>>> print(open('data-v8.cif').read())   # mmCIF, C-alpha atoms
data_input
#
loop_
_atom_site.label_atom_id
_atom_site.label_comp_id
_atom_site.auth_asym_id
_atom_site.auth_seq_id
_atom_site.Cartn_x
_atom_site.Cartn_y
_atom_site.Cartn_z
CA MET H 236 233.36 73.67 90.10
CA LYS H 237 231.22 70.93 88.82
CA LYS H 238 227.65 71.53 87.86
CA SER H 239 225.12 69.54 89.75
CA THR H 240 223.82 66.72 87.69
CA THR H 241 220.73 66.20 89.84
CA LYS H 242 217.66 65.96 87.55
CA LYS H 243 214.56 67.96 88.38
CA PRO H 244 211.38 65.83 88.78
CA PRO H 245 209.00 66.14 85.82
CA LEU H 246 205.92 68.46 86.26
CA LYS H 247 202.63 66.70 86.83
CA ASN H 248 199.95 67.13 84.10
CA THR H 249 197.19 68.78 86.17
CA LYS H 250 195.11 69.55 83.12
CA SER H 251 194.62 65.90 82.30
CA LYS H 252 193.51 65.17 85.86
CA LYS H 253 191.03 68.15 86.03
CA LYS H 254 189.25 67.17 82.82
CA PRO H 255 187.52 64.02 84.19
CA PHE H 256 186.47 65.96 87.31
CA LYS H 257 184.83 68.65 85.21
CA LEU H 258 182.98 66.07 83.16
CA PHE H 259 181.79 64.38 86.34
CA ALA H 260 180.58 67.67 87.82
CA LEU H 261 178.89 68.65 84.59
CA SER H 262 177.09 65.32 84.42
CA ASN H 263 175.91 65.77 88.00
CA ILE H 264 174.60 69.24 87.21
CA LEU H 265 172.76 67.89 84.17
CA VAL H 266 171.27 65.12 86.29
CA ALA H 267 170.22 67.68 88.89
CA ILE H 268 168.72 69.96 86.25
CA THR H 269 166.91 67.01 84.70
CA ALA H 270 165.62 65.96 88.10
CA ILE H 271 164.43 69.49 88.83
CA ALA H 272 162.84 69.71 85.40
CA PHE H 273 161.05 66.42 85.93
CA THR H 274 159.98 67.56 89.39
CA ILE H 275 158.60 70.81 87.99
CA ILE H 276 156.89 68.98 85.14
CA GLY H 277 155.50 66.45 87.60
CA TYR H 278 154.27 69.21 89.88
CA LEU H 279 152.69 71.08 86.97
CA TYR H 280 151.12 67.87 85.77
CA MET H 281 149.76 67.06 89.21
CA ALA H 282 148.53 70.62 89.63
CA ASN H 283 146.79 70.42 86.28
CA GLU H 284 145.35 67.04 87.18
CA ASN H 285 144.11 68.45 90.48
CA LYS H 286 142.65 71.43 88.70
CA ILE H 287 140.89 69.17 86.21
CA ASN H 288 139.65 67.00 89.07
CA ASP H 289 138.49 70.10 90.95
CA ASN H 290 136.64 71.31 87.88
CA ILE H 291 135.02 67.93 87.44
CA LYS H 292 134.20 67.88 91.12
CA ASN H 293 132.75 71.41 90.95
CA GLU H 294 130.71 70.48 87.90
CA LYS H 295 129.36 67.46 89.74
CA ILE H 296 128.57 69.64 92.75
CA LYS H 297 126.79 72.11 90.49
CA GLU H 298 124.85 69.29 88.87
CA GLU H 299 123.95 67.90 92.27
CA LYS H 300 122.86 71.34 93.49
CA LEU H 301 120.79 71.85 90.34
CA LYS H 302 119.20 68.44 90.79
CA GLN H 303 118.56 69.29 94.44
CA LEU H 304 116.97 72.63 93.50
CA ILE H 305 114.78 70.88 90.93
CA ILE H 306 113.82 68.27 93.50
CA GLU H 307 113.17 70.93 96.16
CA ASP H 308 111.08 72.96 93.70
CA GLN H 309 109.10 69.85 92.83
CA ILE H 310 108.75 69.01 96.51
CA SER H 311 107.62 72.59 97.16
CA LYS H 312 104.97 72.30 94.44
CA ASN H 313 103.91 68.90 95.70
CA GLU H 314 103.80 70.22 99.26
CA LYS H 315 101.54 73.07 98.19
CA VAL H 316 99.23 70.66 96.40
CA LYS H 317 99.36 68.33 99.39
CA TYR H 318 98.70 71.27 101.73
CA PHE H 319 95.50 72.26 99.98
CA GLU H 320 94.40 68.65 99.48
CA GLU H 321 94.85 67.81 103.15
CA LYS H 322 93.32 71.13 104.18
CA THR H 323 90.27 70.32 102.07
CA LYS H 324 90.13 66.87 103.67
CA ALA H 325 90.27 68.47 107.11
CA LEU H 326 87.37 70.75 106.20
CA GLU H 327 85.43 67.85 104.75
CA ILE H 328 85.89 65.87 107.97
CA GLU H 329 84.41 68.75 109.91
CA TYR H 330 81.55 69.23 107.45
CA VAL H 331 80.79 65.55 106.85
CA SER H 332 80.67 64.83 110.59
CA ASN H 333 77.62 67.08 110.70
CA ILE H 334 76.00 66.35 107.33
CA ASP H 335 73.13 68.77 106.88
CA ASN H 336 72.07 68.71 110.55
CA GLN H 337 68.83 67.17 109.36
CA VAL H 338 67.64 66.75 112.94
CA TYR H 339 68.00 70.49 113.42
CA ILE H 340 66.11 71.18 110.20
CA ASP H 341 63.25 68.80 111.05
CA GLU H 342 62.84 70.19 114.57
CA LYS H 343 63.11 73.82 113.50
CA LYS H 344 59.97 75.74 114.33
CA VAL H 345 58.29 77.72 111.60
CA GLU H 346 58.91 81.33 112.57
CA SER H 347 57.25 84.49 111.34
CA LYS H 348 58.38 85.30 107.80
CA ASP H 349 58.23 89.01 108.54
CA LYS H 350 60.91 88.63 111.19
CA PHE H 351 63.33 87.22 108.69
CA LYS H 352 62.54 89.39 105.69
CA TYR H 353 64.57 92.29 104.49
CA LYS H 354 62.91 95.55 103.69
CA ASP H 355 62.14 95.44 99.99
CA GLU H 356 64.87 97.49 98.33
CA THR H 357 62.65 98.31 95.36
CA GLN H 358 60.13 100.35 97.40
CA THR H 359 61.82 103.70 96.81
CA TYR H 360 62.12 103.04 93.09
CA ILE H 361 58.52 101.89 92.76
CA LYS H 362 57.28 104.88 94.79
CA GLN H 363 59.00 107.17 92.30
CA ILE H 364 57.27 105.36 89.44
CA SER H 365 53.97 105.65 91.30
CA ASP H 366 54.44 109.40 91.77
CA ASN H 367 55.27 109.75 88.09
CA ILE H 368 52.08 107.91 87.15
CA VAL H 369 50.03 110.23 89.37
CA SER H 370 51.76 113.29 87.88
CA LYS H 371 51.07 112.12 84.33
CA GLU H 372 47.47 111.38 85.25
CA LYS H 373 47.13 114.88 86.65
CA LEU H 374 48.53 116.39 83.43
CA VAL H 375 46.05 114.42 81.35
CA GLN H 376 43.21 115.64 83.54
CA GLU H 377 44.35 119.25 83.18
CA GLU H 378 44.43 118.89 79.39
CA ILE H 379 40.88 117.50 79.40
CA ILE H 380 39.69 120.35 81.63
CA LYS H 381 41.23 122.93 79.32
CA GLU H 382 39.43 121.34 76.40
CA ILE H 383 35.94 121.21 77.95
CA GLU H 384 36.15 124.30 80.18
CA PRO H 385 34.85 126.72 77.49
CA LYS H 386 31.73 124.59 77.16
CA LEU H 387 30.96 124.76 80.84
CA VAL H 388 29.11 127.68 82.44
CA LYS H 389 30.54 128.61 85.79
CA LYS H 390 30.74 125.01 86.70
CA GLU H 391 33.63 124.14 88.87
CA ILE H 392 35.28 120.85 88.39
CA PRO H 393 36.38 119.48 91.73
CA LYS H 394 40.04 118.79 92.02
CA LYS H 395 40.82 115.16 92.09
CA GLU H 396 42.45 114.16 95.30
CA LYS H 397 45.74 112.36 95.11
CA VAL H 398 45.30 108.68 95.76
CA ASP H 399 48.13 106.59 97.13
CA LEU H 400 48.54 103.74 94.72
CA PRO H 401 49.39 100.33 96.20
CA ILE H 402 53.09 99.53 96.08
CA ILE H 403 53.71 96.62 93.77
CA LYS H 404 56.49 94.37 94.99
CA LYS H 405 58.79 92.91 92.40
CA ASP H 406 58.51 89.45 93.78
CA THR H 407 58.02 86.26 91.84
CA GLY H 408 56.21 84.73 94.78
CA LEU H 409 58.42 81.67 94.45
CA PRO H 410 60.36 80.16 97.36
CA LYS H 411 63.89 81.57 97.53
CA LEU H 412 67.09 79.54 97.36
CA ALA H 413 70.52 81.08 98.01
CA VAL H 414 73.46 78.97 96.82
CA ILE H 415 76.78 79.99 98.38
CA ILE H 416 80.27 78.96 97.24
CA ASP H 417 82.71 79.26 100.17
CA ASP H 418 86.54 79.57 100.14
CA VAL H 419 86.66 81.79 97.02
CA THR H 420 90.08 83.45 96.58
CA THR H 421 90.89 83.84 92.86
CA SER H 422 89.59 85.55 89.73
CA TYR H 423 89.52 82.13 88.01
CA GLN H 424 87.02 80.85 90.59
CA ILE H 425 84.93 84.00 90.11
CA LYS H 426 84.76 83.34 86.35
CA ARG H 427 83.73 79.72 86.94
CA ILE H 428 80.95 80.84 89.29
CA GLN H 429 79.72 83.55 86.93
CA ASP H 430 79.67 80.95 84.14
CA ILE H 431 77.17 78.76 86.05
CA GLY H 432 74.28 80.68 84.51
CA TYR H 433 72.27 81.79 87.56
CA ILE H 434 72.76 83.69 90.82
CA VAL H 435 75.38 82.10 93.08
CA ASN H 436 76.74 83.90 96.14
CA MET H 437 80.52 84.09 96.62
CA ALA H 438 82.11 84.00 100.10
CA PHE H 439 85.76 85.21 100.08
CA LEU H 440 88.48 84.12 102.49
CA PRO H 441 90.50 87.08 103.88
CA PRO H 442 93.97 87.53 102.30
CA THR H 443 96.89 85.42 103.59
CA LYS H 444 100.29 84.37 102.19
CA HIS H 445 98.50 81.51 100.40
CA HIS H 446 95.97 83.79 98.69
CA ARG H 447 97.24 87.36 98.77
CA ASN H 448 94.73 88.83 96.27
CA SER H 449 91.48 87.44 97.69
CA ALA H 450 90.29 90.97 98.49
CA LYS H 451 91.53 92.72 95.34
CA VAL H 452 89.63 90.32 93.07
CA THR H 453 86.32 91.59 94.49
CA ASN H 454 86.84 95.17 93.20
CA ASN H 455 84.48 94.71 90.25
CA LEU H 456 81.83 92.77 92.19
CA ASN H 457 78.75 94.21 93.87
CA ASP H 458 77.33 91.19 95.68
CA TYR H 459 79.67 89.03 97.71
CA MET H 460 80.25 87.82 101.27
CA ILE H 461 83.16 87.46 103.71
CA HIS H 462 84.12 83.93 104.76
CA LEU H 463 85.45 84.49 108.29
CA PRO H 464 87.83 81.81 109.72
CA LEU H 465 86.72 80.75 113.22
CA GLU H 466 88.34 78.23 115.56
CA ALA H 467 87.60 74.59 114.79
CA SER H 468 87.90 71.52 116.98
CA SER H 469 91.12 70.73 115.11
CA HIS H 470 93.72 73.43 114.41
CA ARG H 471 95.31 71.51 111.54
CA TYR H 472 95.45 73.50 108.29
CA GLU H 473 93.58 76.43 109.80
CA GLU H 474 93.70 79.85 108.12
CA VAL H 475 96.06 82.59 109.25
CA ASP H 476 94.48 85.01 111.79
CA THR H 477 91.68 82.62 112.69
CA LEU H 478 89.56 83.99 115.54
CA TYR H 479 89.82 81.92 118.73
CA ILE H 480 87.26 81.61 121.52
CA GLY H 481 89.73 83.26 123.92
CA HIS H 482 90.26 86.40 121.83
CA SER H 483 89.20 89.69 123.40
CA ILE H 484 86.40 91.83 122.02
CA GLU H 485 89.07 94.42 121.11
CA LYS H 486 90.89 91.90 118.92
CA ILE H 487 87.63 90.84 117.30
CA ASP H 488 86.74 94.50 116.69
CA ASN H 489 90.11 95.15 115.00
CA LYS H 490 89.64 92.08 112.82
CA ILE H 491 86.15 93.05 111.64
CA LYS H 492 87.22 96.67 111.14
CA THR H 493 90.06 95.47 108.87
CA LEU H 494 87.66 93.27 106.89
CA LYS H 495 85.35 96.26 106.48
CA SER H 496 88.14 98.16 104.73
CA LEU H 497 89.19 95.15 102.62
CA TYR H 498 85.64 94.29 101.53
CA PRO H 499 83.72 97.61 101.54
CA LYS H 500 80.65 96.26 99.68
CA ALA H 501 80.11 93.17 101.85
CA THR H 502 77.26 93.14 104.37
CA PHE H 503 77.12 89.40 105.09
CA ILE H 504 79.64 87.17 106.88
CA ASN H 505 79.58 83.40 107.26
CA ASN H 506 82.01 81.21 109.17
CA HIS H 507 84.90 79.20 107.74
CA THR H 508 85.18 76.06 109.92
CA GLY H 509 84.32 77.24 113.47
CA SER H 510 82.87 74.11 115.09
CA LYS H 511 84.51 75.08 118.40
CA TYR H 512 83.83 78.82 118.12
CA THR H 513 80.15 78.70 117.11
CA SER H 514 79.39 76.27 119.95
CA ASN H 515 80.91 78.63 122.56
CA LYS H 516 78.35 81.04 124.00
CA GLN H 517 80.82 83.68 125.28
CA ALA H 518 82.72 83.75 121.98
CA MET H 519 79.57 84.13 119.86
CA ASP H 520 78.21 86.84 122.18
CA LYS H 521 81.37 88.90 121.58
CA LEU H 522 81.43 88.27 117.82
CA LEU H 523 77.76 89.10 117.20
CA LYS H 524 78.06 92.24 119.31
CA VAL H 525 80.89 93.46 117.07
CA LEU H 526 79.09 92.40 113.86
CA LYS H 527 76.06 94.40 114.95
CA LYS H 528 78.30 97.44 115.45
CA TYR H 529 79.54 97.21 111.83
CA ASN H 530 76.08 96.35 110.39
CA TYR H 531 76.93 92.80 109.30
CA THR H 532 74.44 89.94 109.08
CA PHE H 533 75.88 86.60 110.15
CA ILE H 534 75.14 83.35 108.34
CA ASP H 535 75.88 80.28 110.43
CA SER H 536 77.56 77.74 108.13
CA LYS H 537 76.45 75.19 110.71
CA THR H 538 79.68 73.22 110.96
CA THR H 539 78.45 71.75 114.23
CA ALA H 540 75.05 70.66 115.52
CA LYS H 541 76.01 72.26 118.86
CA SER H 542 75.89 75.79 117.44
CA VAL H 543 74.65 78.51 119.83
CA VAL H 544 74.45 81.22 117.15
CA LEU H 545 70.64 81.56 117.29
CA GLU H 546 70.71 81.77 121.08
CA SER H 547 73.30 84.58 121.04
CA ALA H 548 71.44 86.37 118.24
CA LYS H 549 68.25 86.53 120.33
CA LYS H 550 70.23 88.01 123.21
CA TYR H 551 71.33 90.99 121.08
CA ASP H 552 68.17 91.10 118.94
CA ILE H 553 70.26 90.38 115.85
CA ARG H 554 69.01 88.75 112.68
CA VAL H 555 71.04 85.71 111.62
CA LEU H 556 70.61 83.10 108.90
CA THR H 557 71.48 79.40 108.96
CA ARG H 558 72.79 77.02 106.34
CA ASN H 559 70.39 74.18 105.50
CA ILE H 560 72.37 71.98 103.10
CA PHE H 561 75.99 71.23 102.22
CA LEU H 562 76.13 70.39 98.52
CA ASP H 563 79.48 68.70 98.03
CA ASN H 564 80.52 66.68 101.07
CA LYS H 565 81.10 64.06 98.39
CA LYS H 566 82.74 65.16 95.15
CA ASP H 567 80.24 63.28 93.05
CA LYS H 568 77.78 64.65 90.47
CA LYS H 569 74.85 62.45 91.55
CA TYR H 570 75.41 63.30 95.20
CA ILE H 571 75.57 67.06 94.50
CA GLN H 572 72.37 66.91 92.44
CA LYS H 573 70.68 64.94 95.22
CA GLN H 574 71.66 67.64 97.73
CA LEU H 575 70.46 70.35 95.35
CA LYS H 576 67.05 68.65 95.16
CA ARG H 577 66.93 68.54 98.96
CA ALA H 578 67.71 72.26 99.10
CA VAL H 579 64.85 72.98 96.68
CA ALA H 580 62.47 70.85 98.79
CA ILE H 581 63.43 72.73 101.98
CA ALA H 582 62.95 76.09 100.22
CA LYS H 583 59.47 75.06 99.06
CA LYS H 584 58.59 73.85 102.55
CA ASN H 585 59.95 76.80 104.56
CA GLY H 586 59.82 79.59 101.98
CA SER H 587 63.60 79.86 101.71
CA ALA H 588 66.79 77.83 102.06
CA ILE H 589 70.57 78.21 102.00
CA ALA H 590 72.87 75.66 100.34
CA ILE H 591 76.67 75.85 100.62
CA GLY H 592 79.24 74.38 98.25
CA HIS H 593 82.97 74.79 97.65
CA PRO H 594 85.12 75.82 94.68
CA TYR H 595 85.61 72.30 93.34
CA SER H 596 85.56 71.73 89.60
CA ILE H 597 82.90 69.04 90.00
CA THR H 598 80.71 71.47 91.96
CA PHE H 599 80.98 74.16 89.27
CA SER H 600 80.19 71.78 86.41
CA THR H 601 77.32 70.06 88.27
CA LEU H 602 75.66 73.35 89.22
CA LYS H 603 75.94 74.53 85.62
CA GLU H 604 74.32 71.33 84.35
CA SER H 605 71.55 71.25 87.00
CA LYS H 606 69.46 74.33 86.25
CA HIS H 607 66.54 72.06 85.36
CA LEU H 608 66.44 70.86 88.99
CA LEU H 609 65.74 74.38 90.25
CA LYS H 610 62.23 74.77 88.84
CA GLY H 611 59.78 76.22 91.32
CA VAL H 612 62.32 78.29 93.26
CA GLU H 613 63.96 81.67 92.74
CA LEU H 614 67.76 81.79 92.92
CA VAL H 615 68.71 84.89 94.92
CA PHE H 616 71.52 86.74 96.64
CA VAL H 617 71.41 86.29 100.42
CA LYS H 618 70.35 89.92 100.87
CA SER H 619 66.98 88.96 99.29
CA LEU H 620 66.16 86.27 101.84
#
>>> encode(input="data-v8.cif", output="structure tokens")
Amino acid sequence: MKKSTTKKPPLKNTKSKKKPFKLFALSNILVAITAIAFTIIGYLYMANENKINDNIKNEKIKEEKLKQLIIEDQISKNEKVKYFEEKTKALEIEYVSNIDNQVYIDEKKVESKDKFKYKDETQTYIKQISDNIVSKEKLVQEEIIKEIEPKLVKKEIPKKEKVDLPIIKKDTGLPKLAVIIDDVTTSYQIKRIQDIGYIVNMAFLPPTKHHRNSAKVTNNLNDYMIHLPLEASSHRYEEVDTLYIGHSIEKIDNKIKTLKSLYPKATFINNHTGSKYTSNKQAMDKLLKVLKKYNYTFIDSKTTAKSVVLESAKKYDIRVLTRNIFLDNKKDKKYIQKQLKRAVAIAKKNGSAIAIGHPYSITFSTLKESKHLLKGVELVFVKSL
């Protein structure tokens, strides 16, 4: 049997064909890995860039906030300065519109001095001195009697009767001028007033958020007044807890009672603003009734020529005093000195006068430099009027 001569087909070389495919796949993988790597790097780069930008942005925001805070702080300071400046202007408008009420002063009738005089506070002290003098005189007499008694024969020496010596008043006899500085709130202002060189009365505004320590600073003072805020024609820049004409007598009582505890040594009150209040009869009736209850004497700052204070005072048989001159409606040395001269002239004419100024630097310095203008009058605390 013959063997088949059919030739088997040659085997294909699969290895040679697979090699290019593997290279292709590997290159694709490398491309993919490279792409991913670049993507990651790009992402990280962008993230870093964003972070840097965010940091820069945050720094700018912080800078802006800091600038804003600085600006706001400056604005706040400027606002406070502006507040007090405009408040002072508002007060000046009220005061200047009624400069000195000269018509009122000229038409004022001369009233009995005894009605408006305080009981001399030195009487008790002088009486003690007088008694001591009498006692010493008696001792001297007894010593003399002891010395001459042996020489006398049954001769009685009559006892000398006690004689009441006249009470000598410590009074200069000069007209009295009381200078008052209103709106006092700080220890610095107190020092400036004490540095003037003669007696100047201080009237303190009750404590508020703008001057929290205006009561505490009076702890070491013996003679001072309360400057009570009363309703003005304009409510702009008015003090906190200002008394209004519509307030009840209970509210007024609570207010004065509180002031009594804050300022235990004060016995005089004058009004801060109050053009509307002091010209309202019902309001002043209620206020003076309460002031009488707490033993206060009221001084009308005379912020309006329409004041009814004297009329209400007569109704309750209360003693009140009235301002004669405003010293510093103009913040000018010559003007203040001119007003001071007018105050002295009124004191010499009527026996006493009250002049009111404010805690301005020009007022302090002018008063200190004007002592020579006060010849012929005695500078006193209001309690001595």
>>> axis_aligned_box(input="data-v8.cif", around="region 563-579 of chain H", padding_each_side="5 Å", output="JSON")
{"center_x": 73.8, "center_y": 67.7, "center_z": 95.8, "size_x": 27.9, "size_y": 20.5, "size_z": 20.6}
>>> atom_distance(input="data-v8.cif", atom1="CA of Leu526 (chain H)", atom2="CA of Ser469 (chain H)")
24.8 Å
>>> atom_distance(input="data-v8.cif", atom1="CA of Asn506 (chain H)", atom2="CA of His470 (chain H)")
15.0 Å
>>> residues_around(input="data-v8.cif", residues="region 424-427 of chain H", least_positions_apart="5", cutoff="7 Å", atoms="only C-alpha atoms", output="list in words")
Val419, Pro594 and Phe599 of chain H
>>> closest_residue(input="data-v8.cif", among="H:Asp458, H:Glu604, H:Asp520, H:Glu466", to="Thr538 (chain H)", atoms="all atoms listed in the file")
H:Glu466
>>> residues_near_point(input="data-v8.cif", point="(70.9, 82.0, 102.3)", cutoff="9 Å", atoms="all atoms listed in the file", output="list in words")
Lys411, Leu412, Ala413, Val414, Ile415, Asn436, Ile534, Leu556, Thr557, Arg558, Asn559, Ser587, Ala588, Ile589, Ala590, Ile591, Val615, Phe616, Val617, Lys618, Ser619 and Leu620 of chain H
>>> resolve_selection(input="data-v8.cif", expression="the PyMOL selection byres ((chain H and resi 476) around 12)", output="list in words")
Leu440, Pro441, Pro442, Thr443, Lys444, Leu463, Pro464, Leu465, Glu466, His470, Glu473, Glu474, Val475, Thr477, Leu478, Tyr479, His482, Lys486, Ile487, Asn489, Lys490, Ile491, Thr493, Leu494 and His507 of chain H
>>> closest_residue(input="data-v8.cif", among="H:Ile597, H:Ala270, H:Ile296, H:Leu258", to="Asn564 (chain H)", atoms="all atoms listed in the file")
H:Ile597
>>> build_atoms(input="data-v8.cif", residues="region 288-303 of chain H", atoms="N, CA and C atoms", output="mmCIF file, keeping the file's coordinate frame")
data_model
loop_
_atom_site.group_PDB
_atom_site.id
_atom_site.type_symbol
_atom_site.label_atom_id
_atom_site.label_comp_id
_atom_site.auth_asym_id
_atom_site.auth_seq_id
_atom_site.Cartn_x
_atom_site.Cartn_y
_atom_site.Cartn_z
ATOM 1 N N ASN H 288 140.494 67.742 88.130
ATOM 2 C CA ASN H 288 139.650 67.000 89.070
ATOM 3 C C ASN H 288 138.729 67.931 89.846
ATOM 4 N N ASP H 289 139.301 69.105 90.229
ATOM 5 C CA ASP H 289 138.490 70.100 90.950
ATOM 6 C C ASP H 289 137.348 70.605 90.071
ATOM 7 N N ASN H 290 137.679 70.846 88.801
ATOM 8 C CA ASN H 290 136.640 71.310 87.880
ATOM 9 C C ASN H 290 135.539 70.275 87.714
ATOM 10 N N ILE H 291 135.995 69.021 87.567
ATOM 11 C CA ILE H 291 135.020 67.930 87.440
ATOM 12 C C ILE H 291 134.167 67.829 88.697
ATOM 13 N N LYS H 292 134.897 67.959 89.836
ATOM 14 C CA LYS H 292 134.200 67.880 91.120
ATOM 15 C C LYS H 292 133.191 69.025 91.259
ATOM 16 N N ASN H 293 133.630 70.243 90.875
ATOM 17 C CA ASN H 293 132.750 71.410 90.950
ATOM 18 C C ASN H 293 131.532 71.257 90.033
ATOM 19 N N GLU H 294 131.807 70.702 88.829
ATOM 20 C CA GLU H 294 130.710 70.480 87.900
ATOM 21 C C GLU H 294 129.699 69.491 88.477
ATOM 22 N N LYS H 295 130.236 68.451 89.116
ATOM 23 C CA LYS H 295 129.360 67.460 89.740
ATOM 24 C C LYS H 295 128.554 68.087 90.870
ATOM 25 N N ILE H 296 129.256 68.955 91.651
ATOM 26 C CA ILE H 296 128.570 69.640 92.750
ATOM 27 C C ILE H 296 127.456 70.521 92.216
ATOM 28 N N LYS H 297 127.803 71.248 91.109
ATOM 29 C CA LYS H 297 126.790 72.110 90.490
ATOM 30 C C LYS H 297 125.597 71.295 89.999
ATOM 31 N N GLU H 298 125.915 70.156 89.362
ATOM 32 C CA GLU H 298 124.850 69.290 88.870
ATOM 33 C C GLU H 298 123.975 68.788 90.012
ATOM 34 N N GLU H 299 124.686 68.398 91.106
ATOM 35 C CA GLU H 299 123.950 67.900 92.270
ATOM 36 C C GLU H 299 123.061 68.986 92.867
ATOM 37 N N LYS H 300 123.639 70.224 92.950
ATOM 38 C CA LYS H 300 122.860 71.340 93.490
ATOM 39 C C LYS H 300 121.654 71.641 92.610
ATOM 40 N N LEU H 301 121.878 71.603 91.270
ATOM 41 C CA LEU H 301 120.790 71.850 90.340
ATOM 42 C C LEU H 301 119.695 70.801 90.494
ATOM 43 N N LYS H 302 120.156 69.525 90.582
ATOM 44 C CA LYS H 302 119.200 68.440 90.790
ATOM 45 C C LYS H 302 118.429 68.647 92.080
ATOM 46 N N GLN H 303 119.180 69.074 93.131
ATOM 47 C CA GLN H 303 118.560 69.290 94.440
ATOM 48 C C GLN H 303 117.524 70.412 94.380
#
